[in-house]
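Participant: As input, take entry-v2.cif (mmCIF, C-alpha atoms):
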```cif
data_query
#
loop_
_atom_site.label_atom_id
_atom_site.label_comp_id
_atom_site.auth_asym_id
_atom_site.auth_seq_id
_atom_site.Cartn_x
_atom_site.Cartn_y
_atom_site.Cartn_z
CA MET A 28 -29.59 4.93 -11.31
CA LYS A 29 -30.15 6.13 -7.74
CA PRO A 30 -30.07 2.72 -6.02
CA SER A 31 -26.78 1.98 -7.76
CA ILE A 32 -25.24 5.13 -6.34
CA ILE A 33 -26.39 4.11 -2.87
CA TYR A 34 -24.86 0.65 -3.32
CA ALA A 35 -21.60 2.21 -4.50
CA ALA A 36 -21.60 4.46 -1.42
CA VAL A 37 -22.19 1.43 0.83
CA ILE A 38 -19.29 -0.43 -0.79
CA VAL A 39 -17.02 2.58 -0.29
CA LEU A 40 -18.19 2.77 3.34
CA ILE A 41 -17.42 -0.88 3.95
CA ALA A 42 -14.07 -0.58 2.19
CA GLY A 43 -13.26 2.43 4.36
CA ILE A 44 -14.15 0.61 7.55
CA PHE A 45 -12.27 -2.61 6.87
CA HIS A 46 -9.18 -1.50 5.00
CA THR A 47 -7.66 1.23 7.08
CA GLY A 48 -5.49 -1.04 9.19
CA SER A 49 -3.43 0.06 12.18
CA GLY A 50 -3.81 3.81 12.24
CA ASN A 51 -0.46 4.68 13.74
CA ALA A 52 1.80 2.26 11.95
CA GLU A 53 4.03 3.59 9.19
CA TYR A 54 2.56 3.03 5.72
CA ALA A 55 3.34 -0.49 4.42
CA ASP A 56 4.80 -1.89 7.63
CA VAL A 57 4.37 -5.67 7.57
CA VAL A 58 3.68 -7.89 10.56
CA LEU A 59 4.93 -11.47 10.27
CA ASN A 60 3.49 -13.70 12.93
CA LYS A 61 2.71 -17.03 11.33
CA ARG A 62 5.36 -18.78 13.43
CA ALA A 63 7.05 -16.24 15.72
CA GLU A 64 4.69 -16.11 18.67
CA LYS A 65 3.92 -19.83 18.61
CA GLN A 66 7.64 -20.34 19.06
CA GLY A 67 7.94 -17.89 21.92
CA MET A 68 9.24 -14.82 20.06
CA ARG A 69 7.71 -11.39 19.49
CA PRO A 70 6.13 -10.95 16.02
CA VAL A 71 8.44 -9.58 13.31
CA ILE A 72 7.87 -6.01 12.10
CA TYR A 73 9.19 -5.49 8.59
CA PRO A 74 9.35 -1.79 7.66
CA HIS A 75 9.12 -1.21 3.89
CA TRP A 76 10.18 2.44 4.33
CA PHE A 77 13.51 1.46 5.89
CA HIS A 78 14.32 -1.11 3.24
CA ARG A 79 13.30 0.90 0.18
CA ILE A 80 15.78 3.63 1.06
CA ARG A 81 18.46 0.98 0.64
CA PHE A 82 17.03 -1.47 -1.89
CA ARG A 83 14.68 -1.20 -4.85
CA CYS A 84 11.54 -3.36 -4.75
CA LYS A 85 13.02 -5.57 -7.47
CA VAL A 86 15.80 -6.85 -5.21
CA CYS A 87 13.44 -8.67 -2.85
CA HIS A 88 10.42 -9.14 -5.08
CA HIS A 89 12.34 -10.24 -8.17
CA GLU A 90 15.82 -11.50 -7.28
CA LEU A 91 14.92 -13.05 -3.95
CA GLY A 92 11.45 -14.14 -5.01
CA PHE A 93 9.40 -12.64 -2.16
CA LYS A 94 5.75 -12.88 -3.18
CA MET A 95 3.83 -9.61 -3.00
CA ARG A 96 1.37 -10.87 -0.41
CA ALA A 97 1.98 -10.53 3.30
CA GLY A 98 1.92 -14.06 4.69
CA ALA A 99 2.36 -15.78 1.33
CA ASN A 100 6.06 -16.43 1.84
CA ASP A 101 7.02 -19.48 3.85
CA ILE A 102 9.73 -17.78 5.90
CA SER A 103 11.34 -19.77 8.70
CA MET A 104 14.44 -19.13 10.78
CA SER A 105 16.14 -22.21 9.35
CA ALA A 106 15.60 -20.86 5.80
CA ILE A 107 17.00 -17.48 6.87
CA ILE A 108 20.05 -19.11 8.46
CA ASP A 109 20.53 -21.05 5.19
CA GLY A 110 20.77 -17.70 3.40
CA LYS A 111 17.26 -17.62 1.95
CA TYR A 112 14.67 -14.82 2.26
CA CYS A 113 15.93 -12.21 4.78
CA GLY A 114 19.08 -14.29 5.21
CA ILE A 115 20.55 -13.20 1.91
CA CYS A 116 21.34 -9.84 3.54
CA HIS A 117 20.88 -10.45 7.26
CA ASN A 118 24.13 -12.40 7.59
CA ASN A 119 26.44 -9.87 9.29
CA ASP A 120 27.76 -9.01 5.85
CA VAL A 121 25.15 -6.71 4.23
CA ALA A 122 23.00 -6.26 7.36
CA TRP A 123 22.91 -7.46 10.94
CA GLY A 124 22.96 -11.22 11.48
CA VAL A 125 20.37 -13.59 12.87
CA GLU A 126 21.76 -13.55 16.41
CA ASN A 127 20.21 -10.07 16.85
CA CYS A 128 16.80 -11.65 17.39
CA ASP A 129 15.12 -8.64 18.99
CA LEU A 130 15.87 -6.23 16.16
CA CYS A 131 13.40 -8.02 13.86
CA HIS A 132 11.26 -9.72 16.51
CA SER A 133 10.18 -6.40 17.99
CA GLY A 134 6.38 -6.46 17.69
CA LEU A 135 3.66 -6.34 20.30
CA PRO A 136 2.32 -9.76 21.26
CA GLY A 137 -0.93 -10.74 19.56
CA LEU A 138 -0.42 -8.89 16.26
CA LYS A 139 -1.81 -10.57 13.17
CA THR A 140 0.21 -11.14 10.00
CA GLY A 141 -0.55 -8.54 7.34
CA ILE A 142 0.27 -5.19 5.85
CA LYS A 143 -0.40 -2.21 8.16
CA GLY A 144 -0.23 1.55 8.21
CA GLY A 145 -3.47 2.53 6.55
CA ALA A 146 -3.53 0.14 3.61
CA GLN A 147 -6.72 0.80 1.65
CA THR A 148 -6.92 -2.27 -0.50
CA GLY A 149 -6.80 -5.96 0.12
CA GLY A 150 -3.57 -5.75 -1.93
CA PRO A 151 -0.61 -7.48 -0.40
CA GLY A 152 -2.49 -7.65 2.89
CA ARG A 153 -5.30 -9.86 1.71
CA TRP A 154 -3.78 -12.98 3.21
CA MET B 19 -45.22 -22.68 5.20
CA ASP B 20 -47.71 -22.87 2.35
CA SER B 21 -46.78 -22.78 -1.30
CA ARG B 22 -47.64 -19.07 -1.71
CA GLN B 23 -45.25 -18.07 1.07
CA ARG B 24 -42.55 -20.23 -0.41
CA GLU B 25 -43.11 -18.60 -3.78
CA ALA B 26 -42.85 -15.14 -2.22
CA GLY B 27 -39.61 -16.12 -0.49
CA LYS B 28 -38.15 -17.34 -3.77
CA MET B 29 -39.07 -14.07 -5.48
CA THR B 30 -37.39 -12.00 -2.75
CA ARG B 31 -34.21 -14.04 -3.04
CA PHE B 32 -34.33 -13.74 -6.82
CA ARG B 33 -34.74 -9.94 -6.61
CA ARG B 34 -31.83 -9.71 -4.19
CA ARG B 35 -29.62 -11.69 -6.53
CA ARG B 36 -30.64 -9.51 -9.47
CA THR B 37 -29.87 -6.34 -7.57
CA ALA B 38 -26.47 -7.64 -6.57
CA ALA B 39 -25.69 -8.68 -10.14
CA SER B 40 -26.80 -5.44 -11.74
CA PHE B 41 -24.85 -3.48 -9.16
CA SER B 42 -21.54 -5.17 -9.90
CA SER B 43 -21.83 -4.58 -13.62
CA ASP B 44 -23.00 -0.99 -13.76
CA THR B 45 -21.61 0.69 -10.66
CA TRP B 46 -18.73 2.34 -12.42
CA THR B 47 -20.81 3.16 -15.48
CA VAL B 48 -23.15 5.08 -13.21
CA ALA B 49 -20.27 6.68 -11.37
CA ARG B 50 -19.02 8.24 -14.57
CA SER B 51 -20.17 11.70 -13.72
CA TRP B 52 -18.08 14.24 -11.86
CA PRO B 53 -20.48 15.00 -9.00
CA VAL B 54 -20.84 11.35 -8.09
CA VAL B 55 -17.12 10.70 -8.29
CA CYS B 56 -16.41 13.79 -6.18
CA ALA B 57 -19.02 12.85 -3.58
CA LEU B 58 -17.71 9.29 -3.33
CA SER B 59 -14.10 10.39 -3.04
CA THR B 60 -14.98 12.88 -0.29
CA LEU B 61 -16.94 10.22 1.56
CA PHE B 62 -14.06 7.79 1.25
CA ALA B 63 -11.50 10.35 2.40
CA LEU B 64 -13.68 11.28 5.38
CA LEU B 65 -14.07 7.66 6.32
CA VAL B 66 -10.39 6.96 6.11
CA ALA B 67 -9.70 9.99 8.30
CA CYS B 68 -12.37 9.00 10.83
CA ASN B 69 -11.15 5.42 10.98
CA THR B 70 -7.56 6.40 11.46
CA GLU B 71 -8.55 8.66 14.35
CA THR B 72 -10.81 6.05 15.93
CA LEU B 73 -8.22 3.34 15.57
CA LYS B 74 -5.58 5.59 17.08
CA SER B 75 -7.68 6.13 20.17
CA ILE B 76 -8.49 2.46 20.47
CA SER B 77 -5.25 0.79 19.53
CA THR B 78 -2.54 3.08 20.90
CA PRO B 79 -0.97 1.23 23.80
CA SER B 80 0.02 3.38 26.73
CA PRO B 81 3.79 3.23 26.66
CA PRO B 82 4.88 2.26 30.16
CA SER B 83 8.46 3.35 29.56
CA ALA B 84 10.10 6.70 30.25
CA SER B 85 9.67 7.67 26.61
CA ALA B 86 6.04 8.67 27.16
CA PRO B 87 6.70 12.28 28.25
CA THR B 88 8.95 12.98 25.24
CA GLU B 89 6.27 11.63 22.94
CA ASN B 90 3.66 13.94 24.40
CA ALA B 91 6.06 16.86 24.28
CA ALA B 92 6.68 16.31 20.58
CA VAL B 93 2.96 16.22 19.86
CA ALA B 94 2.14 19.19 22.06
CA ALA B 95 4.76 21.53 20.62
CA PRO B 96 4.06 21.93 16.93
CA SER B 97 5.52 25.44 16.84
CA SER B 98 9.09 24.47 15.95
CA PRO B 99 9.53 23.18 12.38
CA ALA B 100 11.41 20.11 13.60
CA ALA B 101 8.51 19.10 15.85
CA SER B 102 5.89 19.63 13.16
CA ARG B 103 7.94 17.56 10.71
CA SER B 104 8.39 14.69 13.13
CA GLU B 105 4.64 14.58 13.77
CA LYS B 106 4.21 13.25 10.26
CA TRP B 107 5.84 10.00 11.37
CA LYS B 108 4.94 8.30 14.61
CA SER B 109 7.70 7.16 16.90
CA LEU B 110 8.23 3.40 16.94
CA THR B 111 7.08 3.29 20.56
CA ALA B 112 3.73 4.78 19.57
CA ASP B 113 3.04 3.04 16.27
CA GLY B 114 0.88 0.29 17.73
CA LEU B 115 3.15 -2.37 16.25
CA HIS B 116 6.46 -2.20 18.10
CA ASP B 117 6.59 -3.41 21.68
CA PRO B 118 7.85 -0.45 23.77
CA ARG B 119 9.38 -2.98 26.16
CA SER B 120 11.46 -4.58 23.42
CA PRO B 121 15.19 -4.15 23.93
CA ALA B 122 15.44 -3.25 20.23
CA ILE B 123 13.35 -0.11 20.44
CA LYS B 124 16.32 2.13 21.26
CA LEU B 125 18.43 0.64 18.47
CA LEU B 126 16.01 0.74 15.56
CA GLN B 127 15.96 3.79 13.33
CA GLN B 128 12.95 6.09 13.82
CA PRO B 129 10.91 6.81 10.66
CA ALA B 130 11.18 10.58 11.19
CA GLU B 131 14.96 10.42 11.26
CA ALA B 132 15.15 8.59 7.93
CA LEU B 133 12.22 10.16 6.11
CA ALA B 134 12.28 13.82 7.12
CA PRO B 135 15.26 14.73 4.90
CA LEU B 136 13.51 13.27 1.81
CA PRO B 137 11.15 15.20 -0.52
CA SER B 138 7.84 15.66 1.22
CA ASP B 139 4.50 14.20 0.18
CA GLU B 140 1.00 14.14 1.65
CA ALA B 141 0.16 10.46 1.37
CA GLY B 142 1.63 7.05 2.17
CA ASN B 143 5.03 7.38 3.86
CA LYS B 144 4.76 11.18 3.39
CA VAL B 145 7.75 10.88 1.07
CA ASP B 146 7.87 11.48 -2.67
CA TRP B 147 9.94 8.39 -3.41
CA ILE B 148 10.35 9.10 -7.12
CA ALA B 149 11.62 12.62 -6.44
CA ALA B 150 14.01 11.17 -3.86
CA LEU B 151 15.42 8.86 -6.53
CA ASP B 152 15.47 11.50 -9.28
CA GLN B 153 17.23 14.02 -7.04
CA GLY B 154 19.80 11.42 -6.03
CA LEU B 155 18.91 11.75 -2.34
CA ILE B 156 18.62 7.98 -2.13
CA ASN B 157 20.35 5.41 -4.27
CA PRO B 158 18.90 2.04 -3.33
CA ARG B 159 20.66 -1.04 -4.65
CA THR B 160 19.23 -2.51 -7.85
CA ASN B 161 20.57 -6.00 -7.34
CA ILE B 162 22.28 -8.33 -4.89
CA ARG B 163 23.57 -10.85 -7.37
CA PRO B 164 26.16 -9.43 -9.76
CA ASP B 165 24.70 -11.20 -12.80
CA THR B 166 21.16 -9.83 -12.49
CA HIS B 167 20.14 -7.85 -15.55
CA ILE B 168 18.62 -4.46 -14.72
CA ASN B 169 15.72 -3.57 -16.98
CA VAL B 170 14.60 0.04 -17.29
CA LEU B 171 12.02 1.13 -19.83
CA ASP B 172 10.85 4.61 -20.82
CA LEU B 173 7.41 4.04 -22.31
CA ASP B 174 4.16 5.80 -21.47
CA ILE B 175 0.82 4.01 -21.82
CA PHE B 176 -2.26 6.20 -22.17
CA LEU B 177 -5.41 4.50 -20.90
CA SER B 178 -9.03 5.28 -20.10
CA LEU B 179 -9.48 7.81 -22.92
CA ASN B 180 -13.27 8.01 -22.64
CA GLY B 181 -13.69 8.16 -18.88
CA ALA B 182 -15.15 11.09 -16.98
CA LEU B 183 -11.93 11.34 -14.99
CA PRO B 184 -8.76 12.61 -16.64
CA ILE B 185 -6.85 10.17 -18.85
CA VAL B 186 -4.47 7.71 -17.20
CA LYS B 187 -0.82 8.06 -18.14
CA PHE B 188 1.12 5.02 -16.97
CA PRO B 189 4.86 5.76 -17.00
CA HIS B 190 7.08 2.69 -17.25
CA ARG B 191 10.14 4.78 -16.33
CA GLN B 192 9.11 5.42 -12.72
CA HIS B 193 7.88 1.87 -12.28
CA THR B 194 10.98 0.17 -13.69
CA MET B 195 13.19 2.34 -11.50
CA TRP B 196 11.80 0.28 -8.64
CA LEU B 197 10.52 -2.92 -10.20
CA ASP B 198 11.53 -5.53 -12.73
CA CYS B 199 9.40 -6.32 -15.79
CA GLU B 200 8.60 -9.74 -14.34
CA ASN B 201 6.98 -8.23 -11.26
CA CYS B 202 4.01 -7.21 -13.43
CA HIS B 203 4.33 -9.09 -16.75
CA GLU B 204 2.74 -11.46 -17.57
CA GLN B 205 1.19 -12.42 -14.25
CA ILE B 206 -0.62 -9.20 -13.35
CA PHE B 207 -0.68 -7.43 -16.70
CA LYS B 208 -0.35 -8.75 -20.25
CA LYS B 209 2.54 -7.13 -22.12
CA LYS B 210 0.18 -6.12 -24.94
CA ALA B 211 -1.20 -2.69 -24.02
CA GLY B 212 -4.96 -2.80 -23.61
CA ALA B 213 -5.14 -6.59 -23.36
CA THR B 214 -5.78 -6.49 -19.60
CA PRO B 215 -9.27 -5.41 -18.53
CA ILE B 216 -8.46 -3.07 -15.64
CA THR B 217 -11.33 -1.62 -13.60
CA MET B 218 -11.35 0.63 -10.54
CA THR B 219 -13.45 -1.97 -8.70
CA ASP B 220 -10.69 -4.54 -9.17
CA ILE B 221 -7.99 -2.05 -8.21
CA LEU B 222 -9.86 -1.18 -5.00
CA GLU B 223 -10.03 -4.89 -4.23
CA GLY B 224 -6.26 -5.16 -4.50
CA LYS B 225 -5.94 -6.52 -8.02
CA TYR B 226 -3.89 -5.04 -10.91
CA CYS B 227 -2.48 -1.62 -9.83
CA GLY B 228 -4.09 -2.22 -6.42
CA GLN B 229 -1.60 -4.95 -5.68
CA CYS B 230 0.88 -2.20 -4.74
CA HIS B 231 -1.07 1.09 -4.85
CA GLY B 232 -3.07 1.30 -1.65
CA ALA B 233 -0.69 -0.95 0.25
CA VAL B 234 2.92 0.06 -0.36
CA ALA B 235 2.98 2.47 -3.32
CA PHE B 236 1.03 5.75 -3.08
CA PRO B 237 -2.55 5.12 -1.93
CA LEU B 238 -5.76 5.14 -3.96
CA THR B 239 -6.91 8.44 -2.50
CA GLU B 240 -4.48 10.09 -4.94
CA CYS B 241 -6.76 9.80 -8.01
CA ASN B 242 -5.01 12.48 -10.04
CA ARG B 243 -1.58 10.92 -9.94
CA CYS B 244 -2.75 8.19 -12.31
CA HIS B 245 -5.65 10.09 -13.89
CA SER B 246 -3.18 12.84 -14.65
CA VAL B 247 -3.93 14.04 -18.19
CA LEU B 248 -6.90 16.38 -18.68
CA HIS B 249 -8.82 15.57 -21.85
CA ARG B 250 -8.13 19.03 -23.25
CA ASP B 251 -4.37 18.55 -22.70
CA PHE B 252 -4.23 15.10 -24.28
CA LYS B 253 -2.59 16.18 -27.55
CA LYS B 254 0.02 18.17 -25.65
CA ALA B 255 0.75 15.22 -23.36
CA LEU B 256 1.14 12.93 -26.38
CA ALA B 257 3.57 15.37 -27.98
CA GLU B 258 5.61 15.60 -24.78
CA SER B 259 5.86 11.84 -24.33
CA LYS B 260 8.91 10.37 -26.09
CA ASN B 261 7.79 6.75 -26.30
CA LYS B 262 4.12 6.04 -26.02
CA VAL B 263 1.29 3.62 -26.68
CA VAL B 264 -2.30 4.82 -26.69
CA VAL B 265 -4.97 2.31 -25.72
CA ARG B 266 -8.03 3.30 -27.75
CA PRO B 267 -11.40 2.17 -26.43
CA LYS B 268 -12.87 -0.73 -28.41
#
```
What is this file in structure tokens?
Facilitator:
Amino acid sequence: MKPSIIYAAVIVLIAGIFHTGSGNAEYADVVLNKRAEKQGMRPVIYPHWFHRIRFRCKVCHHELGFKMRAGANDISMSAIIDGKYCGICHNNDVAWGVENCDLCHSGLPGLKTGIKGGAQTGGPGRW
Amino acid sequence: MDSRQREAGKMTRFRRRRTAASFSSDTWTVARSWPVVCALSTLFALLVACNTETLKSISTPSPPSASAPTENAAVAAPSSPAASRSEKWKSLTADGLHDPRSPAIKLLQQPAEALAPLPSDEAGNKVDWIAALDQGLINPRTNIRPDTHINVLDLDIFLSLNGALPIVKFPHRQHTMWLDCENCHEQIFKKKAGATPITMTDILEGKYCGQCHGAVAFPLTECNRCHSVLHRDFKKALAESKNKVVVRPK
């Protein structure tokens, strides 16, 4: 019994060390930087808190088909301009349009794609 | 290396494998006693706290802009209620994600401005999102396309009846206020109650409930929000629940 408890404690320790994410970021902020920085733009910061005041999860994760894994969605500017992904709202009709580059591309250089703000599981941040 | 040494090496590897295997299967069986669960939770909470502090000190960039003094002033003056409320949410210039030199930083809404008026909470975004919905303080859109069918279900599932922790009451109402059935069924959970083998180990690894809880929905430090029904109150909870399914242990 005792060794098992020690192993469990070690696992919890490791989980605590690796899954706390960026300490200061707001809970569930997402960094998208698969393409941005390679193409000379700041990484995108997607704040869940801002969007969930205005939209229920089901709008993006059901109607628009966003997968619940940071980095699992193949988002490109051309897709957005075609009205897919963010582009279904960010079209100067529901929300600001794509010409306001800096409003989304507002992250610090060098950030890695993933879910931030103290996430404690691999959850949507695993990729 | 002679044959005896090789044999000894094999045995060590075999023992290691055995230990690893036995650990994965019986960890949570062992952890089914209150003292152990309490100790582990405390340890976890401490670690999370320590890490957050350490990471803050390491990762906070020194904002070169003129906003630095105001930041410090807000942190140093917790006496006014407004200041103490805004401390719950870091300014975008100090969150370690936004570039303080970005031209957008003055235009984007600050978390404190949006979240402070909403019902308070201790974890996650420090907002009780369900209370915010129930009290009508926010009314987020349910759909973009006019023909999308909105599914809402009021059905409680009672799980984990024999655990050492209180019984889990899963309310569909609160979940379907935010999510559609298809977000969970059938990919993450089978529709048949009890057909999905959910374990805390898997949840902590980001599977099942852990896909959202611990990343975007309230974090896994909040044990009692899911394990919410004390065993002695089970009958009362069943009576209070309008629509329910009880998952009996096999």
Participant: What is the atom CA of B:Ile221-atom CA of B:Lys208 distance in Å, reported with one decimal?
Facilitator: 15.8 Å
Participant: Hey, can you pull every residue with an atom no more than 12 Å from (15.3, 0.3, 20.0), using all atoms listed in the file, and send it as a PDB file with C-alpha atoms, in the coordinates of the input?
Facilitator:
```
ATOM      1  CA  ASN A 127      20.210 -10.070  16.850  1.00  0.00           C
ATOM      2  CA  ASP A 129      15.120  -8.640  18.990  1.00  0.00           C
ATOM      3  CA  LEU A 130      15.870  -6.230  16.160  1.00  0.00           C
ATOM      4  CA  CYS A 131      13.400  -8.020  13.860  1.00  0.00           C
ATOM      5  CA  HIS A 132      11.260  -9.720  16.510  1.00  0.00           C
ATOM      6  CA  SER A 133      10.180  -6.400  17.990  1.00  0.00           C
ATOM      7  CA  GLY A 134       6.380  -6.460  17.690  1.00  0.00           C
TER       8      GLY A 134
ATOM      9  CA  SER B  85       9.670   7.670  26.610  1.00  0.00           C
ATOM     10  CA  SER B 109       7.700   7.160  16.900  1.00  0.00           C
ATOM     11  CA  LEU B 110       8.230   3.400  16.940  1.00  0.00           C
ATOM     12  CA  THR B 111       7.080   3.290  20.560  1.00  0.00           C
ATOM     13  CA  HIS B 116       6.460  -2.200  18.100  1.00  0.00           C
ATOM     14  CA  ASP B 117       6.590  -3.410  21.680  1.00  0.00           C
ATOM     15  CA  PRO B 118       7.850  -0.450  23.770  1.00  0.00           C
ATOM     16  CA  ARG B 119       9.380  -2.980  26.160  1.00  0.00           C
ATOM     17  CA  SER B 120      11.460  -4.580  23.420  1.00  0.00           C
ATOM     18  CA  PRO B 121      15.190  -4.150  23.930  1.00  0.00           C
ATOM     19  CA  ALA B 122      15.440  -3.250  20.230  1.00  0.00           C
ATOM     20  CA  ILE B 123      13.350  -0.110  20.440  1.00  0.00           C
ATOM     21  CA  LYS B 124      16.320   2.130  21.260  1.00  0.00           C
ATOM     22  CA  LEU B 125      18.430   0.640  18.470  1.00  0.00           C
ATOM     23  CA  LEU B 126      16.010   0.740  15.560  1.00  0.00           C
ATOM     24  CA  GLN B 127      15.960   3.790  13.330  1.00  0.00           C
ATOM     25  CA  GLN B 128      12.950   6.090  13.820  1.00  0.00           C
TER      26      GLN B 128
END
```
Participant: Which is closest to A:Pro136 among A:Asp101, A:Pro70, A:Asp56, A:Arg62, if we use only C-alpha atoms?
Facilitator: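 Comparing A:Asp101, A:Pro70, A:Asp56, A:Arg62 against A:Pro136, the winner is A:Pro70.
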Participant: Run the PyMOL selection byres ((chain B and resi 147) around 10) on the file and write out the hits as a ChimeraX atom specification.
Facilitator: /A:76,79-80 /B:133,136-139,143-146,148-153,155-156,192,196,235-236
Participant: Could you list, as a list of chain:residue names, every residue within 9 Å of B:Arg266, counting all atoms listed in the file and ignoring same-chain residues fewer than 6 positions away?
Facilitator: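 Near neighbours after the sequence-gap exclusion: B:Phe176, B:Leu177, B:Ser178, B:Leu179, B:Asn180, B:Gly212.
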Participant: If I take atom CA of A:Asn51 and atom CA of B:Lys108, how far is one from the other in Å, to one decimal?
Facilitator: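 Separation between atom CA of A:Asn51 and atom CA of B:Lys108: 6.6 Å.
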Participant: Compare A:Ile107, A:Ala52, A:Cys128, A:Cys113 by their minimum atom-to-atom distance to chain B, counting only C-alpha atoms, and give me the closest one.
Facilitator: A:Ala52
Participant: To one decimal place in Å, what is the distance between atom CA of B:Lys262 and atom CA of B:Phe188?
Facilitator: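 Result for atom CA of B:Lys262 versus atom CA of B:Phe188: 9.6 Å, one decimal.
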Participant: With all atoms listed in the file as the basis for distance, which of A:Gly137, A:Lys85, A:Glu64, A:Tyr73 is at the shortest distance from chain B?
Facilitator: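 Of all the options, A:Lys85 lies closest to chain B.
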Participant: List the neighbours of B:Ser259 out to 9 Å using only C-alpha atoms; skip same-chain residues closer than 4 positions along the sequence, and give me the result as an mmCIF file with C-alpha atoms, keeping the file's coordinate frame.
Facilitator:
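Result file follows (out_33.cif):
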```cif
data_model
loop_
_atom_site.group_PDB
_atom_site.id
_atom_site.type_symbol
_atom_site.label_atom_id
_atom_site.label_comp_id
_atom_site.auth_asym_id
_atom_site.auth_seq_id
_atom_site.Cartn_x
_atom_site.Cartn_y
_atom_site.Cartn_z
ATOM 1 C CA LEU B 173 7.410 4.040 -22.310
ATOM 2 C CA ASP B 174 4.160 5.800 -21.470
ATOM 3 C CA LYS B 254 0.020 18.170 -25.650
ATOM 4 C CA ALA B 255 0.750 15.220 -23.360
#
```
Participant: Restricting the calculation to all atoms listed in the file, which member of A:Ala97, A:Leu135, A:Met104, A:Ala63 is positioned closest to chain B?
Facilitator: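 Result for the nearest residue to chain B: A:Leu135.
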Participant: In the coordinates of the file, take the point (10.2, -6.8, -15.1) and a cut-off of 9 Å; then, counting only C-alpha atoms, name each qualifying protein, DNA or RNA residue as a ChimeraX atom specification.
Facilitator: /A:85,89 /B:168-170,194,197-203
Participant: Which residue gives the smallest distance to chain A among B:Glu131, B:Asp113, B:Glu105, B:Asp165, with only C-alpha atoms counted?
Facilitator: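 Going through B:Glu131, B:Asp113, B:Glu105, B:Asp165 one by one, the smallest distance to chain A is for B:Asp113.
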Participant: Using all atoms listed in the file, pick whichever of A:Lys139, A:Lys65, A:Arg83, A:His78 has the shortest atom-to-atom distance to chain B.
Facilitator: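 Closest residue, counting all atoms listed in the file: A:Arg83.
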Participant: Quick check on the file I pasted: which residues fall under the PyMOL selection byres ((chain A and resi 54) around 7)? Write them as number ranges by chain.
Facilitator: A: 52-53, 55-56, 143-145; B: 142-143, 234
Participant: Expand the PyMOL selection byres ((chain B and resi 186) around 12) into the individual residues it matches in the shown file, reporting them as an MDAnalysis selection string.
Facilitator: chainID B and resid 174:185 187:189 216 218 241:249 252 255:256 263:266
Participant: Selection from above, C-alpha atoms, as a short mmCIF file (atom, residue, chain, number, x, y, z; two decimals), in the frame of the given file, can you write it?
Facilitator:
```
data_model
loop_
_atom_site.label_atom_id
_atom_site.label_comp_id
_atom_site.auth_asym_id
_atom_site.auth_seq_id
_atom_site.Cartn_x
_atom_site.Cartn_y
_atom_site.Cartn_z
CA ASP B 174 4.16 5.80 -21.47
CA ILE B 175 0.82 4.01 -21.82
CA PHE B 176 -2.26 6.20 -22.17
CA LEU B 177 -5.41 4.50 -20.90
CA SER B 178 -9.03 5.28 -20.10
CA LEU B 179 -9.48 7.81 -22.92
CA ASN B 180 -13.27 8.01 -22.64
CA GLY B 181 -13.69 8.16 -18.88
CA ALA B 182 -15.15 11.09 -16.98
CA LEU B 183 -11.93 11.34 -14.99
CA PRO B 184 -8.76 12.61 -16.64
CA ILE B 185 -6.85 10.17 -18.85
CA LYS B 187 -0.82 8.06 -18.14
CA PHE B 188 1.12 5.02 -16.97
CA PRO B 189 4.86 5.76 -17.00
CA ILE B 216 -8.46 -3.07 -15.64
CA MET B 218 -11.35 0.63 -10.54
CA CYS B 241 -6.76 9.80 -8.01
CA ASN B 242 -5.01 12.48 -10.04
CA ARG B 243 -1.58 10.92 -9.94
CA CYS B 244 -2.75 8.19 -12.31
CA HIS B 245 -5.65 10.09 -13.89
CA SER B 246 -3.18 12.84 -14.65
CA VAL B 247 -3.93 14.04 -18.19
CA LEU B 248 -6.90 16.38 -18.68
CA HIS B 249 -8.82 15.57 -21.85
CA PHE B 252 -4.23 15.10 -24.28
CA ALA B 255 0.75 15.22 -23.36
CA LEU B 256 1.14 12.93 -26.38
CA VAL B 263 1.29 3.62 -26.68
CA VAL B 264 -2.30 4.82 -26.69
CA VAL B 265 -4.97 2.31 -25.72
CA ARG B 266 -8.03 3.30 -27.75
#
```
